[in-house]
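Coordinates from upload_31.pdb are shown below (PDB, C-alpha atoms, pLDDT in the B column).
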ATOM      1  CA  MET A   2       0.000   0.000   0.000  1.00 54.00           C
ATOM      2  CA  GLU A   3       1.376   3.434  -0.985  1.00 55.00           C
ATOM      3  CA  ALA A   4       1.603   6.149   1.675  1.00 56.00           C
ATOM      4  CA  THR A   5      -0.008   9.459   0.822  1.00 58.00           C
ATOM      5  CA  PRO A   6       1.850  12.557   1.942  1.00 54.00           C
ATOM      6  CA  LYS A   7       0.118  14.696   4.539  1.00 62.00           C
ATOM      7  CA  LYS A   8      -0.546  18.316   3.711  1.00 66.00           C
ATOM      8  CA  LEU A   9       0.912  21.035   5.880  1.00 56.00           C
ATOM      9  CA  SER A  10      -1.474  23.431   7.524  1.00 66.00           C
ATOM     10  CA  PRO A  11      -1.706  26.883   5.880  1.00 63.00           C
ATOM     11  CA  VAL A  12       0.020  28.465   8.891  1.00 59.00           C
ATOM     12  CA  LEU A  13       2.993  26.080   8.595  1.00 54.00           C
ATOM     13  CA  GLN A  14       3.135  26.622   4.807  1.00 55.00           C
ATOM     14  CA  LEU A  15       3.241  30.397   5.262  1.00 55.00           C
ATOM     15  CA  GLY A  16       5.913  30.104   7.956  1.00 52.00           C
ATOM     16  CA  LEU A  17       8.031  27.835   5.754  1.00 50.00           C
ATOM     17  CA  VAL A  18       7.742  30.191   2.772  1.00 50.00           C
ATOM     18  CA  GLY A  19       8.710  33.158   4.985  1.00 49.00           C
ATOM     19  CA  LEU A  20      11.734  31.270   6.295  1.00 47.00           C
ATOM     20  CA  ILE A  21      12.888  30.396   2.775  1.00 52.00           C
ATOM     21  CA  VAL A  22      12.467  34.005   1.575  1.00 42.00           C
ATOM     22  CA  ALA A  23      14.371  35.381   4.584  1.00 44.00           C
ATOM     23  CA  GLY A  24      17.183  32.889   3.948  1.00 43.00           C
ATOM     24  CA  LEU A  25      17.432  33.864   0.277  1.00 41.00           C
ATOM     25  CA  ILE A  26      17.567  37.557   1.135  1.00 42.00           C
ATOM     26  CA  ALA A  27      20.300  36.967   3.730  1.00 38.00           C
ATOM     27  CA  LEU A  28      22.259  34.872   1.237  1.00 38.00           C
ATOM     28  CA  ALA A  29      22.010  37.598  -1.411  1.00 38.00           C
ATOM     29  CA  LEU A  30      23.165  40.297   1.002  1.00 38.00           C
ATOM     30  CA  LEU A  31      26.050  38.312   2.437  1.00 38.00           C
ATOM     31  CA  SER A  32      27.451  36.809  -0.754  1.00 36.00           C
ATOM     32  CA  SER A  33      27.359  39.583  -3.320  1.00 37.00           C
ATOM     33  CA  PRO A  34      29.830  38.618  -6.086  1.00 35.00           C
ATOM     34  CA  ALA A  35      30.939  42.233  -6.520  1.00 37.00           C
ATOM     35  CA  GLU A  36      31.609  42.653  -2.807  1.00 42.00           C
ATOM     36  CA  ARG A  37      34.965  44.254  -2.201  1.00 42.00           C
ATOM     37  CA  LYS A  38      37.585  42.587  -0.115  1.00 53.00           C
ATOM     38  CA  ALA A  39      38.655  44.423   3.021  1.00 57.00           C
ATOM     39  CA  GLY A  40      41.398  46.868   2.145  1.00 78.00           C
ATOM     40  CA  ASP A  41      40.653  47.072  -1.579  1.00 89.00           C
ATOM     41  CA  LEU A  42      40.017  50.303  -3.456  1.00 90.00           C
ATOM     42  CA  PRO A  43      36.200  50.650  -3.591  1.00 90.00           C
ATOM     43  CA  GLN A  44      34.965  49.612  -7.030  1.00 85.00           C
ATOM     44  CA  THR A  45      32.105  51.993  -7.571  1.00 85.00           C
ATOM     45  CA  GLN A  46      30.876  54.365 -10.248  1.00 85.00           C
ATOM     46  CA  LEU A  47      31.503  57.987  -9.365  1.00 89.00           C
ATOM     47  CA  VAL A  48      30.464  61.141 -11.200  1.00 90.00           C
ATOM     48  CA  ARG A  49      33.054  63.730 -12.182  1.00 91.00           C
ATOM     49  CA  LEU A  50      32.030  67.373 -12.134  1.00 89.00           C
ATOM     50  CA  ASP A  51      31.730  67.373 -15.934  1.00 88.00           C
ATOM     51  CA  GLY A  52      29.001  64.725 -15.601  1.00 90.00           C
ATOM     52  CA  THR A  53      31.020  61.751 -16.856  1.00 92.00           C
ATOM     53  CA  THR A  54      31.068  58.610 -14.771  1.00 91.00           C
ATOM     54  CA  LEU A  55      34.199  56.762 -13.857  1.00 85.00           C
ATOM     55  CA  LEU A  56      35.059  53.576 -12.026  1.00 86.00           C
ATOM     56  CA  LEU A  57      37.828  53.992  -9.476  1.00 83.00           C
ATOM     57  CA  GLN A  58      40.626  51.709 -10.609  1.00 81.00           C
ATOM     58  CA  SER A  59      44.048  50.770  -9.431  1.00 80.00           C
ATOM     59  CA  GLY A  60      47.078  50.981 -11.690  1.00 87.00           C
ATOM     60  CA  LYS A  61      48.941  53.678  -9.862  1.00 92.00           C
ATOM     61  CA  PRO A  62      49.022  54.707  -6.215  1.00 95.00           C
ATOM     62  CA  THR A  63      45.832  56.488  -5.161  1.00 95.00           C
ATOM     63  CA  VAL A  64      45.039  58.982  -2.432  1.00 97.00           C
ATOM     64  CA  LEU A  65      41.286  58.951  -1.854  1.00 97.00           C
ATOM     65  CA  THR A  66      39.871  61.719   0.327  1.00 97.00           C
ATOM     66  CA  VAL A  67      36.210  61.709   1.392  1.00 98.00           C
ATOM     67  CA  TRP A  68      35.098  65.242   2.214  1.00 97.00           C
ATOM     68  CA  ALA A  69      32.254  67.758   2.531  1.00 97.00           C
ATOM     69  CA  THR A  70      32.062  71.401   1.445  1.00 96.00           C
ATOM     70  CA  TRP A  71      31.089  72.655   4.914  1.00 96.00           C
ATOM     71  CA  CYS A  72      34.051  70.946   6.617  1.00 97.00           C
ATOM     72  CA  SER A  73      36.628  73.573   7.641  1.00 97.00           C
ATOM     73  CA  TYR A  74      39.418  70.978   7.831  1.00 97.00           C
ATOM     74  CA  CYS A  75      38.573  69.871   4.276  1.00 97.00           C
ATOM     75  CA  GLN A  76      38.711  73.491   3.135  1.00 95.00           C
ATOM     76  CA  GLN A  77      42.257  73.724   4.524  1.00 96.00           C
ATOM     77  CA  GLN A  78      43.485  70.303   3.437  1.00 97.00           C
ATOM     78  CA  LEU A  79      42.183  69.903  -0.120  1.00 96.00           C
ATOM     79  CA  PRO A  80      44.218  72.801  -1.633  1.00 95.00           C
ATOM     80  CA  GLN A  81      47.375  71.324  -0.070  1.00 96.00           C
ATOM     81  CA  PHE A  82      46.538  67.914  -1.522  1.00 96.00           C
ATOM     82  CA  ASP A  83      45.856  69.487  -4.932  1.00 96.00           C
ATOM     83  CA  GLU A  84      49.272  71.178  -4.808  1.00 96.00           C
ATOM     84  CA  MET A  85      50.883  67.827  -3.987  1.00 96.00           C
ATOM     85  CA  ALA A  86      49.000  66.238  -6.883  1.00 96.00           C
ATOM     86  CA  ARG A  87      50.708  68.757  -9.210  1.00 96.00           C
ATOM     87  CA  ARG A  88      54.103  67.706  -7.835  1.00 96.00           C
ATOM     88  CA  ARG A  89      53.311  63.977  -7.871  1.00 96.00           C
ATOM     89  CA  PRO A  90      51.732  63.025 -11.235  1.00 95.00           C
ATOM     90  CA  ASP A  91      52.640  59.398 -10.467  1.00 95.00           C
ATOM     91  CA  VAL A  92      49.885  59.371  -7.797  1.00 96.00           C
ATOM     92  CA  HIS A  93      46.145  59.651  -8.499  1.00 93.00           C
ATOM     93  CA  PHE A  94      44.419  62.058  -6.099  1.00 95.00           C
ATOM     94  CA  ALA A  95      40.650  61.522  -5.852  1.00 95.00           C
ATOM     95  CA  PHE A  96      38.504  63.942  -3.852  1.00 96.00           C
ATOM     96  CA  VAL A  97      35.184  62.152  -3.252  1.00 96.00           C
ATOM     97  CA  ASN A  98      32.443  64.460  -2.018  1.00 96.00           C
ATOM     98  CA  ASP A  99      30.099  62.692   0.349  1.00 96.00           C
ATOM     99  CA  GLY A 100      26.532  63.102  -0.871  1.00 94.00           C
ATOM    100  CA  GLU A 101      26.177  66.842  -1.447  1.00 95.00           C
ATOM    101  CA  PRO A 102      24.356  68.341  -4.466  1.00 93.00           C
ATOM    102  CA  ALA A 103      26.400  68.677  -7.660  1.00 90.00           C
ATOM    103  CA  SER A 104      25.843  72.460  -7.819  1.00 92.00           C
ATOM    104  CA  LEU A 105      27.346  72.927  -4.353  1.00 94.00           C
ATOM    105  CA  VAL A 106      30.330  70.700  -5.155  1.00 93.00           C
ATOM    106  CA  ARG A 107      30.874  72.569  -8.457  1.00 92.00           C
ATOM    107  CA  GLN A 108      30.783  75.956  -6.696  1.00 93.00           C
ATOM    108  CA  PHE A 109      33.286  74.729  -4.095  1.00 93.00           C
ATOM    109  CA  HIS A 110      35.562  73.381  -6.841  1.00 91.00           C
ATOM    110  CA  ASP A 111      35.395  76.560  -8.920  1.00 91.00           C
ATOM    111  CA  THR A 112      36.149  78.901  -6.028  1.00 91.00           C
ATOM    112  CA  ARG A 113      39.123  76.782  -4.925  1.00 87.00           C
ATOM    113  CA  GLY A 114      40.545  76.358  -8.421  1.00 82.00           C
ATOM    114  CA  PHE A 115      41.564  72.711  -8.157  1.00 85.00           C
ATOM    115  CA  THR A 116      43.499  71.782 -11.274  1.00 85.00           C
ATOM    116  CA  THR A 117      45.112  68.404 -10.726  1.00 88.00           C
ATOM    117  CA  ALA A 118      43.172  66.308  -8.241  1.00 87.00           C
ATOM    118  CA  VAL A 119      39.962  64.847  -9.639  1.00 89.00           C
ATOM    119  CA  VAL A 120      36.800  65.886  -7.796  1.00 92.00           C
ATOM    120  CA  TYR A 121      33.973  63.353  -7.722  1.00 93.00           C
ATOM    121  CA  GLN A 122      30.441  63.538  -6.475  1.00 91.00           C
ATOM    122  CA  ASP A 123      29.184  60.457  -4.653  1.00 92.00           C
ATOM    123  CA  ALA A 124      25.488  61.262  -4.346  1.00 88.00           C
ATOM    124  CA  LEU A 125      24.600  57.826  -2.958  1.00 90.00           C
ATOM    125  CA  ARG A 126      27.492  57.831  -0.455  1.00 93.00           C
ATOM    126  CA  THR A 127      28.699  54.430  -1.651  1.00 93.00           C
ATOM    127  CA  VAL A 128      32.363  55.166  -0.945  1.00 95.00           C
ATOM    128  CA  SER A 129      31.807  56.521   2.560  1.00 94.00           C
ATOM    129  CA  ASN A 130      29.562  53.578   3.389  1.00 94.00           C
ATOM    130  CA  ALA A 131      32.082  51.068   2.040  1.00 93.00           C
ATOM    131  CA  LEU A 132      34.923  52.699   3.979  1.00 95.00           C
ATOM    132  CA  ARG A 133      32.833  53.381   7.081  1.00 95.00           C
ATOM    133  CA  VAL A 134      33.565  57.100   7.041  1.00 96.00           C
ATOM    134  CA  ASN A 135      32.305  58.849  10.158  1.00 94.00           C
ATOM    135  CA  GLY A 136      34.081  62.199   9.878  1.00 96.00           C
ATOM    136  CA  TYR A 137      35.768  64.539   7.416  1.00 97.00           C
ATOM    137  CA  PRO A 138      38.205  64.572   5.874  1.00 98.00           C
ATOM    138  CA  SER A 139      38.938  60.838   5.728  1.00 98.00           C
ATOM    139  CA  ASN A 140      42.061  59.955   3.757  1.00 98.00           C
ATOM    140  CA  PHE A 141      42.875  56.521   2.326  1.00 97.00           C
ATOM    141  CA  PHE A 142      46.152  55.508   0.677  1.00 97.00           C
ATOM    142  CA  TYR A 143      46.204  52.664  -1.853  1.00 95.00           C
ATOM    143  CA  ASN A 144      49.168  51.114  -3.624  1.00 94.00           C
ATOM    144  CA  SER A 145      49.205  50.577  -7.398  1.00 93.00           C
ATOM    145  CA  LYS A 146      47.450  47.211  -6.933  1.00 92.00           C
ATOM    146  CA  GLY A 147      44.523  48.870  -5.164  1.00 92.00           C
ATOM    147  CA  LYS A 148      45.400  47.573  -1.691  1.00 93.00           C
ATOM    148  CA  LEU A 149      44.952  49.857   1.291  1.00 95.00           C
ATOM    149  CA  VAL A 150      48.326  50.688   2.848  1.00 94.00           C
ATOM    150  CA  GLY A 151      47.252  53.472   5.226  1.00 94.00           C
ATOM    151  CA  GLU A 152      44.480  55.768   6.333  1.00 95.00           C
ATOM    152  CA  VAL A 153      44.160  58.960   8.324  1.00 97.00           C
ATOM    153  CA  ARG A 154      40.799  60.022   9.675  1.00 96.00           C
ATOM    154  CA  GLY A 155      40.956  63.779  10.018  1.00 97.00           C
ATOM    155  CA  TYR A 156      43.044  66.706   8.831  1.00 97.00           C
ATOM    156  CA  MET A 157      46.525  66.039   7.415  1.00 97.00           C
ATOM    157  CA  SER A 158      49.264  68.639   7.086  1.00 96.00           C
ATOM    158  CA  SER A 159      51.540  68.766   4.048  1.00 94.00           C
ATOM    159  CA  GLU A 160      54.256  67.068   6.086  1.00 96.00           C
ATOM    160  CA  GLN A 161      51.930  64.244   7.114  1.00 96.00           C
ATOM    161  CA  LEU A 162      50.856  63.829   3.491  1.00 97.00           C
ATOM    162  CA  GLN A 163      54.479  63.587   2.336  1.00 95.00           C
ATOM    163  CA  ALA A 164      55.155  60.909   4.981  1.00 95.00           C
ATOM    164  CA  ALA A 165      52.084  58.947   3.885  1.00 95.00           C
ATOM    165  CA  LEU A 166      53.105  59.198   0.208  1.00 95.00           C
ATOM    166  CA  ALA A 167      56.524  57.788   1.109  1.00 92.00           C
ATOM    167  CA  GLN A 168      54.674  54.630   2.213  1.00 87.00           C
ATOM    168  CA  LEU A 169      53.312  54.287  -1.323  1.00 85.00           C
ATOM    169  CA  ASP A 170      56.744  54.302  -2.983  1.00 69.00           C
TER     170      ASP A 170
END

Please rewrite the model in this file as structure tokens.
Amino acid sequence: MEATPKKLSPVLQLGLVGLIVAGLIALALLSSPAERKAGDLPQTQLVRLDGTTLLLQSGKPTVLTVWATWCSYCQQQLPQFDEMARRRPDVHFAFVNDGEPASLVRQFHDTRGFTTAVVYQDALRTVSNALRVNGYPSNFFYNSKGKLVGEVRGYMSSEQLQAALAQLD
């Protein structure tokens, strides 16, 4: 005699479906194939002030600074970093604005006259979230392979920047 399977009650069916859905969501969040490894240069699309998008890539040492226009330490530090970028064309300097409107970032850029460092707008704050930025400026130093070799949370003087760049050589 063949056994007939018993049906689950509707409450148990709903609970089982909910458990499966929750498991699939957790799996998707925890095992994203594009997830960056700890210490890697964030691989995200950023918008330059001219409106073009660009993926941050390794290839040469990179100084990535996350900043905000209202931050007085950023206002002091970014011109010094831009000057260093002129003297060190072998290093990519990326100024990533953390979520402010493009018009405000453009005005800040134009009044400061940055010429060498590349200013990006990160409207969705993907870089600051990936790097767990909790204050400005936040400075990250990557070697040519895109591996994090140092970070300084807060203002850096020209001397401190030169010391950090020596770590990249």

- Item | Surrounding residues of Tyr121 in chain A excluding itself and chain neighbours under 3 positions, 8 Å, only C-alpha atoms, as a list in words |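 Returned residues: Leu47, Val48, Arg49, Leu50, Ala95, Phe96, Val97 and Asn98 of chain A.
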
- Hits of the PyMOL selection byres ((chain A and resi 141) around 10) in this structure, as a list in words: Gly40, Leu42, Thr63, Val64, Leu65, Thr66, Val67, Ala95, Leu132, Pro138, Ser139, Asn140, Phe142, Tyr143, Leu149, Val150, Gly151, Glu152, Val153, Arg154 and Ala165 of chain A

- When the PyMOL selection byres ((chain A and resi 116) around 10) is applied to the file above, which residues end up in the set, as an NGL selection string? :A and (80 or 83-84 or 86-87 or 110-111 or 113-115 or 117-120)

- Identify which of the residues A:Leu169, A:Arg88, A:Trp68, A:His93 lies closest to Val134 in chain A, counting only C-alpha atoms when measuring atom-to-atom distances.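 Smallest separation from Val134 in chain A among the options: A:Trp68.
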
- Task: List every protein, DNA or RNA residue with an atom no more than 9 Å from (30.9, 58.9, -5.8) in the file's coordinates, counting only C-alpha atoms, and format the result as a list in words.
- Result: Thr45, Gln46, Leu47, Val48, Arg49, Thr54, Leu55, Val97, Asn98, Asp99, Gly100, Tyr121, Gln122, Asp123, Ala124, Leu125, Arg126, Thr127, Val128 and Ser129 of chain A

- As a check of understanding: the span from CA of Leu162 in chain A to CA of Gly60 in chain A is 20.2 Å

- Length of the CA of Tyr156 in chain A to CA of Gln77 in chain A vector [Å]: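 Answer for the CA of Tyr156 in chain A to CA of Gln77 in chain A separation: 8.3 Å.
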
Report, as JSON, the centre and edge lengths in Å (one decimal) of the axis-aligned box enclosing every listed atom of range 106-120 of chain A, padded by 4 Å on each side.
{"center_x": 37.7, "center_y": 71.9, "center_z": -7.7, "size_x": 22.8, "size_y": 22.1, "size_z": 15.2}

- Message: To one decimal place in Å, what is the distance between CA of Lys148 in chain A and CA of Gln168 in chain A?
- Response: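 CA of Gln168 in chain A lies 12.3 Å from CA of Lys148 in chain A.
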
- Query: Got a sec: who's within 12 Å of Glu160 in chain A, counting all atoms listed in the file, leaving out chain neighbours fewer than 6 positions off, as a PyMOL selection string?
  - Reply: chain A and resi 78+81-82+85+166-167

- Message: Considering only C-alpha atoms, can you say which of A:Phe109, A:Ala164, A:Ala131, A:Leu56 comes closest to Gln76 in chain A?
- Response: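 Checking each candidate against Gln76 in chain A, we get A:Phe109 as the closest.
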